[in-house]
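Engineer: The structure that follows is given in the form of structure tokens.
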Amino acid sequence: MIRFYFHPTPNPAKVALLLEELGLAYEVVPVDTSKGEQHAPAFRAINPNGKVPAIVDTEGPGGKEARVFDSSAILLYLGEKTGRFVGAPADKPELLSWLFFIASGVGPFSGQAVHFQHAAPEKLPYAINRYRREIERHYRVLDRHLAGREFIAGSAYSIVDMSAWGWLARAGRVLPGEDDALAAFPNLKRLFETVDARPAAARAKAVAKDHPFKRTTDEETKRAMFPSNYPEIAM
Ligand SMILES: N[C@@H](CCC(=O)N[C@@H](CS)C(=O)NCC(=O)O)C(=O)O
């Protein structure tokens with residue numbers, strides 16, 4: 001059994017998609033990051049970084065319970081554990097390269113682009129320009145790579161495509177102002193639509209749909225999500 005620590009945001013969405021593709025039994029544990037539940041000691045024992053997603057595999061290596069945190073680590077762990085969606089051995093160099101490209105580039109730059117355009121207390125043109133331009137550059141790199149290719153690594157759908165899907169689903173928030181934020185990246189748009197049309201993607205999007213996650217951004221939320229703005233909060 002997998003315990004899946006979840007909030008309806010891009011990084012947990014990737015793991016929801018893989019769990020649904022695998023058909024593994026899992027239990028969703030909602031972590032309401034807007035209420036600060038990511039900082040609770042019980043959750044910090046599972047992810048010391050205080051972010052979602054995280055999982056606990058009650059049947060980890062040697063039959064022992066194991067925690068895994070960070071979406072890319074979880075994708076690799078579950079992919080390798082089940083031997084599914086990780087491509088052929090010959091695909092591994094490409095699979096790892098693109099997985100880390102998304103983990104260290106697309107993900108963080110998307111997060112900062114969203115933060116500076118939607119959440120920051122001041123609109124800082126320098127920051128907004130830097131993160132928008134970096135995202136456009138990352139999209140272009142991936143778009144060019146996908147020309148003439150159906151999937152990102154090897155010839156089959158894999159955890160890398162799932163990883164890209166998580167943040168591409170928020171392209172409209174990452175690059176607001178465009179009618180279709182992916183229109184300038186036709187290969188990337190095609191990949192997104194292919195993954196998004198999968199039945200598992202629909203099920204992933206429905207995970208914890210009925211949970212009453214907090215939707216407002218008040219002082220409690222700002223302190224929980226952006227503690228670096230509050231010098232008195234020990235981080
Ligand atoms: N590198 C991490 C990033 C995780 C992350 O930033 N998660 C966000 C949700 S998408 C979160 O927990 N935000 C709450 C917070 O920062 O306090 C991963 O890929 O899992």
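Labeling convention for the structure tokens: chains A, B, ... as they appear, residues from 1 per chain, ligands from 1 in order of appearance.
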Neighbours of ligand 1 at 6 Å or closer, counting only C-alpha atoms and all ligand atoms: which residues, as an MDAnalysis selection string?

Structural biologist: chainID A and resid 9:11 33 51:53 70:72 224:225

Engineer: With C-alpha atoms retained, export the selected residues as a PDB file, in the first residue's frame.

Structural biologist:
```pdb
ATOM      1  CA  THR A   9      -0.840  21.323  -7.444  1.00  0.00           C
ATOM      2  CA  PRO A  10       1.520  20.402 -10.319  1.00  0.00           C
ATOM      3  CA  ASN A  11       4.148  18.273  -8.585  1.00  0.00           C
ATOM      4  CA  THR A  33      -0.407  23.681   2.155  1.00  0.00           C
ATOM      5  CA  LYS A  51       6.580  20.115   0.363  1.00  0.00           C
ATOM      6  CA  VAL A  52       4.234  17.815  -1.480  1.00  0.00           C
ATOM      7  CA  PRO A  53       4.250  15.256  -2.965  1.00  0.00           C
ATOM      8  CA  ASP A  70      10.186  14.932  -4.339  1.00  0.00           C
ATOM      9  CA  SER A  71       8.051  14.184  -7.398  1.00  0.00           C
ATOM     10  CA  SER A  72      10.938  13.047  -9.631  1.00  0.00           C
ATOM     11  CA  ALA A 224       2.808  29.041   5.351  1.00  0.00           C
ATOM     12  CA  MET A 225       3.805  29.292   1.694  1.00  0.00           C
TER      13      MET A 225
END
```

Engineer: Give the strand (DSSP E) residues of region 19-214 of chain A, as assigned by DSSP on the backbone, as a PyMOL selection string.

Structural biologist: chain A and resi 26-30+54-57+66-69

Engineer: Just write the chosen residues, C-alpha atoms, as a CSV table (one decimal), in the first residue's frame.

Structural biologist:
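The new file again_25.csv reads:
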```
chain,number,residue,atom,x,y,z
A,26,TYR,CA,-3.0,3.9,-2.7
A,27,GLU,CA,-4.5,6.0,0.0
A,28,VAL,CA,-4.6,9.8,-0.4
A,29,VAL,CA,-3.5,11.9,2.6
A,30,PRO,CA,-4.5,15.5,1.9
A,54,ALA,CA,5.6,12.6,-0.7
A,55,ILE,CA,4.8,8.9,-0.4
A,56,VAL,CA,5.2,6.2,2.2
A,57,ASP,CA,5.5,2.7,0.7
A,66,ALA,CA,10.0,3.5,3.1
A,67,ARG,CA,9.3,7.2,2.5
A,68,VAL,CA,10.1,8.9,-0.8
A,69,PHE,CA,9.8,12.7,-1.3
```

Engineer: What's around Ser163 (chain A) at 10 Å? Count only C-alpha atoms, leave out sequence neighbours fewer than 2 positions away in its own chain, and write the answer as a count of residues only.

Structural biologist: 26

Engineer: Using only C-alpha atoms, which residue out of A:Arg44, A:His118, A:Arg3, A:His39 lies closest to Gly60 (chain A)?

Structural biologist: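 Looking at the shortest contact to Gly60 (chain A), the residue is A:Arg3.
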
Engineer: In Å to one decimal, how far is CA of Glu20 (chain A) from CA of Lys35 (chain A)?

Structural biologist: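 Computing the Euclidean distance for CA of Lys35 (chain A) and CA of Glu20 (chain A) yields 26.9 Å.
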
Engineer: I'd like to know which of A:Tyr157, A:His145, A:Pro199, A:Val174 is closest to Pro186 (chain A), using only C-alpha atoms.

Structural biologist: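 Among the listed residues, A:His145 lies closest to Pro186 (chain A).
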